[in-house]
Amino acid sequence: MNRKPLTLRDYLLMSLIAVVFGIVFLLAVYAGAALTTVLTPLGLGVLGYEPFYGIWYMAAIITTYLIRKPIVGIVTEVIAALIEVLLGNMFGVMVLISAFIQGVGVEIPFALTKYKNYSYKVTMLSALSATILSFIWTGFRSNYLAMDWRIVLAIFVIRLLSALFFTGYVSKVICDKLDDAGILNHNLKASEAID
Amino acid sequence: MIDSINPTAKTVGILLGSLILGLTFQWEVNLAITLLGLIFVTTSKRAAPERLLKIMVPILFVSISYFFTGWIFSSEQALFSSSQTDLIIPSGRDLINGLNLGSRVLAFAMLGISYSLTTDSKELIASFIQQARMPMKMGYAIFTAVNLTSLIRREYDNSKLALQVRNIPVKPFDSKPLFTMMVRMIRWSERLSLAMESKGFSEDRVMQLKMTVKPVDITFMVGLPVTIALLGFVVF
């Protein structure tokens, strides 16, 4: 495990990647708003943003892969949330808690492998743990106990599928391409790390 | 009034207040907090009315969508708890459940808005560095990224255009322009860190902006969560 403290370059990379994903989030917010509009009269408006939920965890997976140091996922999510707050996010300080919980969710599987394994198995597990933790948090925040269990189940399943696709698969594809392109300056290639 | 509260104290106060609000399940409390949030925002000199309106539209929309879900798909447990109230609505008890859920989102959002619209970004980061012991590197990295937001957005559009002029289709949420952006961000982070460190940037950097914690900040930090707790567990 790389125990060296985070450098200025690491923090800058996390912040810049958080902004890039902030732009992608914005696209997801528009798409989610459109879907919510269609679903609201049916009472299913709460599902509108769920297909895009996995995008929220992507930045943490990518920076964890690129920097390969402990707590990078959590710090990235918190930085992303702070940038959102500075740009006027409507849920303000609450996104800081959401970000911390999502970051912990992403981080757990990597921590269990001592930040040595960056395979699809680990990224998929990251997607799963981030979904479970964020589901518990949004359940508390939005009071899922007051909703029909089928709606709550639909929220979980759609969020999990979104996370597995965006967080577990797309993020890993992007990271592998970066690795193959040879622009990462850590000492270990992901394929070597798995071995 | 809320403009002058120390950002770290404001963060702690609103954070604790939001968590306590999460433990209450009455629409009356939610509406009271929504009103409190409105007072905070309307008395602030930083919250521009047009920006407030722009943010309020999606919030109202999300609130309405939760109202409909709570109304149409309420759980049996929620029906049982809403039957304890004396309020009789011809449309049924589900309506109260919808009201509880919809107003809950609204209350959280109003607390959020009264934080994000009334807090200056420079003061927030300076206060986090000085009072919450955020690493200097992290604070300045966030400043850098925020200041580069419009440039990054332009670069992202350019990377999509660059693919399109080569007749490579770019779908929404496509990973191809994202890959290009990741390469650029890795390079930018290296160059920016070199540039900053070569100009003497370090953890010992002195900040011109000094943030202090006054008694009124402590009052806000403690007073807001206590008020929400009183409203939720004593008054209603």
# chains A, B, ... in the order shown; residues from 1 in each chain; ligands from 1
>>> residues_around(residues="Ala181 of chain A", least_positions_apart="6", cutoff="12 Å", atoms="only C-alpha atoms", output="ChimeraX atom specification")
/A:174-175,189 /B:179-180,182-183
>>> write_last_selection(atoms="all heavy atoms", output="JSON list (two decimals), in the first residue's frame")
[["chain", "number", "residue", "atom", "x", "y", "z"],
["A", 174, "ILE", "N", -12.28, 3.44, -18.94],
["A", 174, "ILE", "CA", -11.51, 4.69, -19.10],
["A", 174, "ILE", "C", -10.13, 4.54, -18.44],
["A", 174, "ILE", "O", -9.11, 4.90, -19.04],
["A", 174, "ILE", "CB", -12.28, 5.89, -18.49],
["A", 174, "ILE", "CG1", -13.54, 6.17, -19.30],
["A", 174, "ILE", "CG2", -11.41, 7.14, -18.45],
["A", 174, "ILE", "CD1", -14.46, 7.21, -18.70],
["A", 175, "CYS", "N", -10.10, 3.97, -17.24],
["A", 175, "CYS", "CA", -8.82, 3.83, -16.52],
["A", 175, "CYS", "C", -7.87, 2.89, -17.25],
["A", 175, "CYS", "O", -6.67, 3.17, -17.35],
["A", 175, "CYS", "CB", -9.07, 3.31, -15.11],
["A", 175, "CYS", "SG", -9.87, 4.51, -14.07],
["A", 189, "LYS", "N", 1.35, -1.20, -13.43],
["A", 189, "LYS", "CA", 0.19, -1.25, -14.32],
["A", 189, "LYS", "C", -0.87, -2.09, -13.62],
["A", 189, "LYS", "O", -0.56, -2.97, -12.83],
["A", 189, "LYS", "CB", 0.57, -1.92, -15.64],
["A", 189, "LYS", "CG", 1.25, -0.96, -16.61],
["A", 189, "LYS", "CD", 1.40, -1.55, -17.98],
["A", 189, "LYS", "CE", 0.09, -1.51, -18.73],
["A", 189, "LYS", "NZ", 0.22, -1.85, -20.15],
["B", 179, "PHE", "N", -12.33, 10.26, -21.84],
["B", 179, "PHE", "CA", -10.95, 9.77, -21.85],
["B", 179, "PHE", "C", -9.99, 10.91, -22.20],
["B", 179, "PHE", "O", -8.97, 11.11, -21.53],
["B", 179, "PHE", "CB", -10.82, 8.61, -22.87],
["B", 179, "PHE", "CG", -9.40, 8.20, -23.12],
["B", 179, "PHE", "CD1", -8.71, 7.47, -22.17],
["B", 179, "PHE", "CD2", -8.75, 8.57, -24.29],
["B", 179, "PHE", "CE1", -7.39, 7.09, -22.39],
["B", 179, "PHE", "CE2", -7.43, 8.20, -24.52],
["B", 179, "PHE", "CZ", -6.75, 7.46, -23.55],
["B", 180, "THR", "N", -10.36, 11.66, -23.25],
["B", 180, "THR", "CA", -9.53, 12.82, -23.65],
["B", 180, "THR", "C", -9.36, 13.78, -22.48],
["B", 180, "THR", "O", -8.27, 14.29, -22.21],
["B", 180, "THR", "CB", -10.20, 13.57, -24.82],
["B", 180, "THR", "OG1", -10.60, 12.61, -25.78],
["B", 180, "THR", "CG2", -9.28, 14.58, -25.46],
["B", 182, "MET", "N", -9.64, 13.15, -19.28],
["B", 182, "MET", "CA", -8.82, 12.57, -18.20],
["B", 182, "MET", "C", -7.33, 12.77, -18.50],
["B", 182, "MET", "O", -6.55, 13.13, -17.63],
["B", 182, "MET", "CB", -9.11, 11.07, -18.04],
["B", 182, "MET", "CG", -10.46, 10.71, -17.48],
["B", 182, "MET", "SD", -10.80, 11.45, -15.90],
["B", 182, "MET", "CE", -12.06, 12.60, -16.32],
["B", 183, "VAL", "N", -6.96, 12.55, -19.78],
["B", 183, "VAL", "CA", -5.55, 12.75, -20.18],
["B", 183, "VAL", "C", -5.16, 14.20, -19.91],
["B", 183, "VAL", "O", -4.11, 14.48, -19.32],
["B", 183, "VAL", "CB", -5.35, 12.41, -21.68],
["B", 183, "VAL", "CG1", -3.93, 12.74, -22.12],
["B", 183, "VAL", "CG2", -5.65, 10.95, -21.94]]
>>> interface_residues(of="chain A", to="chain B", cutoff="6 Å", atoms="only C-alpha atoms", output="short mmCIF file (atom, residue, chain, number, x, y, z; two decimals) with N, CA, C and O atoms, in the first residue's frame")
data_model
loop_
_atom_site.label_atom_id
_atom_site.label_comp_id
_atom_site.auth_asym_id
_atom_site.auth_seq_id
_atom_site.Cartn_x
_atom_site.Cartn_y
_atom_site.Cartn_z
N LEU A 8 0.29 17.99 -3.64
CA LEU A 8 -0.49 19.06 -4.30
C LEU A 8 -1.01 18.56 -5.65
O LEU A 8 -2.16 18.82 -6.02
N ARG A 9 -0.17 17.81 -6.35
CA ARG A 9 -0.56 17.28 -7.66
C ARG A 9 -1.77 16.34 -7.51
O ARG A 9 -2.69 16.37 -8.32
N TYR A 11 -4.09 16.40 -5.10
CA TYR A 11 -5.28 17.22 -4.80
C TYR A 11 -5.79 17.93 -6.06
O TYR A 11 -6.99 18.03 -6.28
N LEU A 12 -4.83 18.44 -6.86
CA LEU A 12 -5.24 19.14 -8.09
C LEU A 12 -5.92 18.16 -9.05
O LEU A 12 -6.95 18.49 -9.64
N LEU A 13 -5.35 16.96 -9.16
CA LEU A 13 -5.95 15.96 -10.06
C LEU A 13 -7.37 15.62 -9.60
O LEU A 13 -8.31 15.58 -10.41
N SER A 15 -9.39 17.47 -7.83
CA SER A 15 -10.29 18.62 -8.02
C SER A 15 -10.66 18.80 -9.48
O SER A 15 -11.82 19.06 -9.82
N LEU A 16 -9.67 18.67 -10.38
CA LEU A 16 -9.94 18.87 -11.81
C LEU A 16 -10.87 17.78 -12.34
O LEU A 16 -11.80 18.06 -13.10
N THR A 40 -43.63 11.78 -12.99
CA THR A 40 -44.33 12.37 -11.84
C THR A 40 -45.84 12.11 -11.82
O THR A 40 -46.38 11.70 -10.79
N GLY A 43 -46.73 8.99 -10.29
CA GLY A 43 -46.26 8.79 -8.92
C GLY A 43 -44.88 8.16 -8.86
O GLY A 43 -44.42 7.74 -7.81
N LEU A 44 -44.22 8.07 -10.00
CA LEU A 44 -42.91 7.40 -10.06
C LEU A 44 -41.77 8.40 -10.24
O LEU A 44 -40.66 8.02 -10.63
N GLY A 45 -42.04 9.67 -9.98
CA GLY A 45 -41.03 10.71 -10.19
C GLY A 45 -39.75 10.49 -9.41
O GLY A 45 -38.67 10.87 -9.86
N VAL A 85 -21.16 22.78 -3.98
CA VAL A 85 -21.70 23.77 -3.03
C VAL A 85 -21.26 25.17 -3.45
O VAL A 85 -22.06 26.11 -3.48
N LEU A 86 -19.99 25.31 -3.82
CA LEU A 86 -19.48 26.63 -4.23
C LEU A 86 -20.16 27.12 -5.49
O LEU A 86 -20.29 28.33 -5.71
N GLY A 88 -23.29 26.51 -6.07
CA GLY A 88 -24.71 26.77 -5.73
C GLY A 88 -25.62 25.56 -5.76
O GLY A 88 -26.78 25.69 -6.12
N MET A 90 -28.36 22.94 -4.76
CA MET A 90 -29.56 23.26 -3.99
C MET A 90 -29.63 22.52 -2.66
O MET A 90 -30.34 22.93 -1.76
N PHE A 91 -28.92 21.38 -2.52
CA PHE A 91 -28.98 20.67 -1.25
C PHE A 91 -27.84 21.04 -0.32
O PHE A 91 -27.70 20.46 0.75
N GLY A 92 -27.04 22.02 -0.73
CA GLY A 92 -26.03 22.62 0.12
C GLY A 92 -25.19 21.64 0.90
O GLY A 92 -24.59 20.72 0.34
N VAL A 93 -25.22 21.83 2.21
CA VAL A 93 -24.32 21.10 3.08
C VAL A 93 -24.62 19.59 3.11
O VAL A 93 -23.75 18.77 3.40
N ARG A 141 -32.76 10.11 4.49
CA ARG A 141 -33.04 11.49 4.10
C ARG A 141 -34.44 11.64 3.50
O ARG A 141 -35.16 12.59 3.80
N ALA A 146 -41.86 5.52 4.33
CA ALA A 146 -43.20 6.04 4.02
C ALA A 146 -43.65 5.64 2.62
O ALA A 146 -44.73 6.01 2.18
N MET A 147 -42.79 4.93 1.89
CA MET A 147 -43.13 4.56 0.51
C MET A 147 -43.43 3.07 0.39
O MET A 147 -42.93 2.26 1.19
N ASP A 148 -44.19 2.72 -0.61
CA ASP A 148 -44.48 1.32 -0.92
C ASP A 148 -43.16 0.58 -1.16
O ASP A 148 -42.26 1.09 -1.82
N ILE A 174 -12.28 3.44 -18.94
CA ILE A 174 -11.51 4.69 -19.10
C ILE A 174 -10.13 4.54 -18.44
O ILE A 174 -9.11 4.90 -19.04
#
>>> select_by_dssp(residues="segment 9-161 of chain A", states="alpha helix (DSSP H)", output="PyMOL selection string")
chain A and resi 9-39+55-67+72-86+94-112+120-142+149-161
>>> atom_distance(atom1="atom CA of Phe135 of chain A", atom2="atom CA of Gln26 of chain B")
22.1 Å
>>> closest_residue(among="A:Ala18, A:Leu164, A:Gly105, A:Ser134", to="Leu82 of chain A", atoms="only C-alpha atoms")
A:Ala18
>>> residues_around(residues="Val235 of chain B", least_positions_apart="6", cutoff="10 Å", atoms="only C-alpha atoms", output="list in words")
Glu28, Val29, Ile228 and Ala229 of chain B
>>> write_last_selection(atoms="N, CA and C atoms", output="CSV table (one decimal), in the first residue's frame")
chain,number,residue,atom,x,y,z
B,28,GLU,N,-45.7,19.7,9.4
B,28,GLU,CA,-45.7,21.1,10.0
B,28,GLU,C,-44.3,21.5,10.3
B,29,VAL,N,-43.5,20.6,10.8
B,29,VAL,CA,-42.1,21.0,11.1
B,29,VAL,C,-41.3,21.3,9.8
B,228,ILE,N,-34.5,23.4,15.7
B,228,ILE,CA,-35.2,22.3,14.9
B,228,ILE,C,-35.6,21.2,15.8
B,229,ALA,N,-34.8,20.9,16.8
B,229,ALA,CA,-35.1,19.8,17.7
B,229,ALA,C,-36.4,20.1,18.5
>>> atom_distance(atom1="atom CA of Tyr57 of chain A", atom2="atom CA of Gln102 of chain A")
6.8 Å
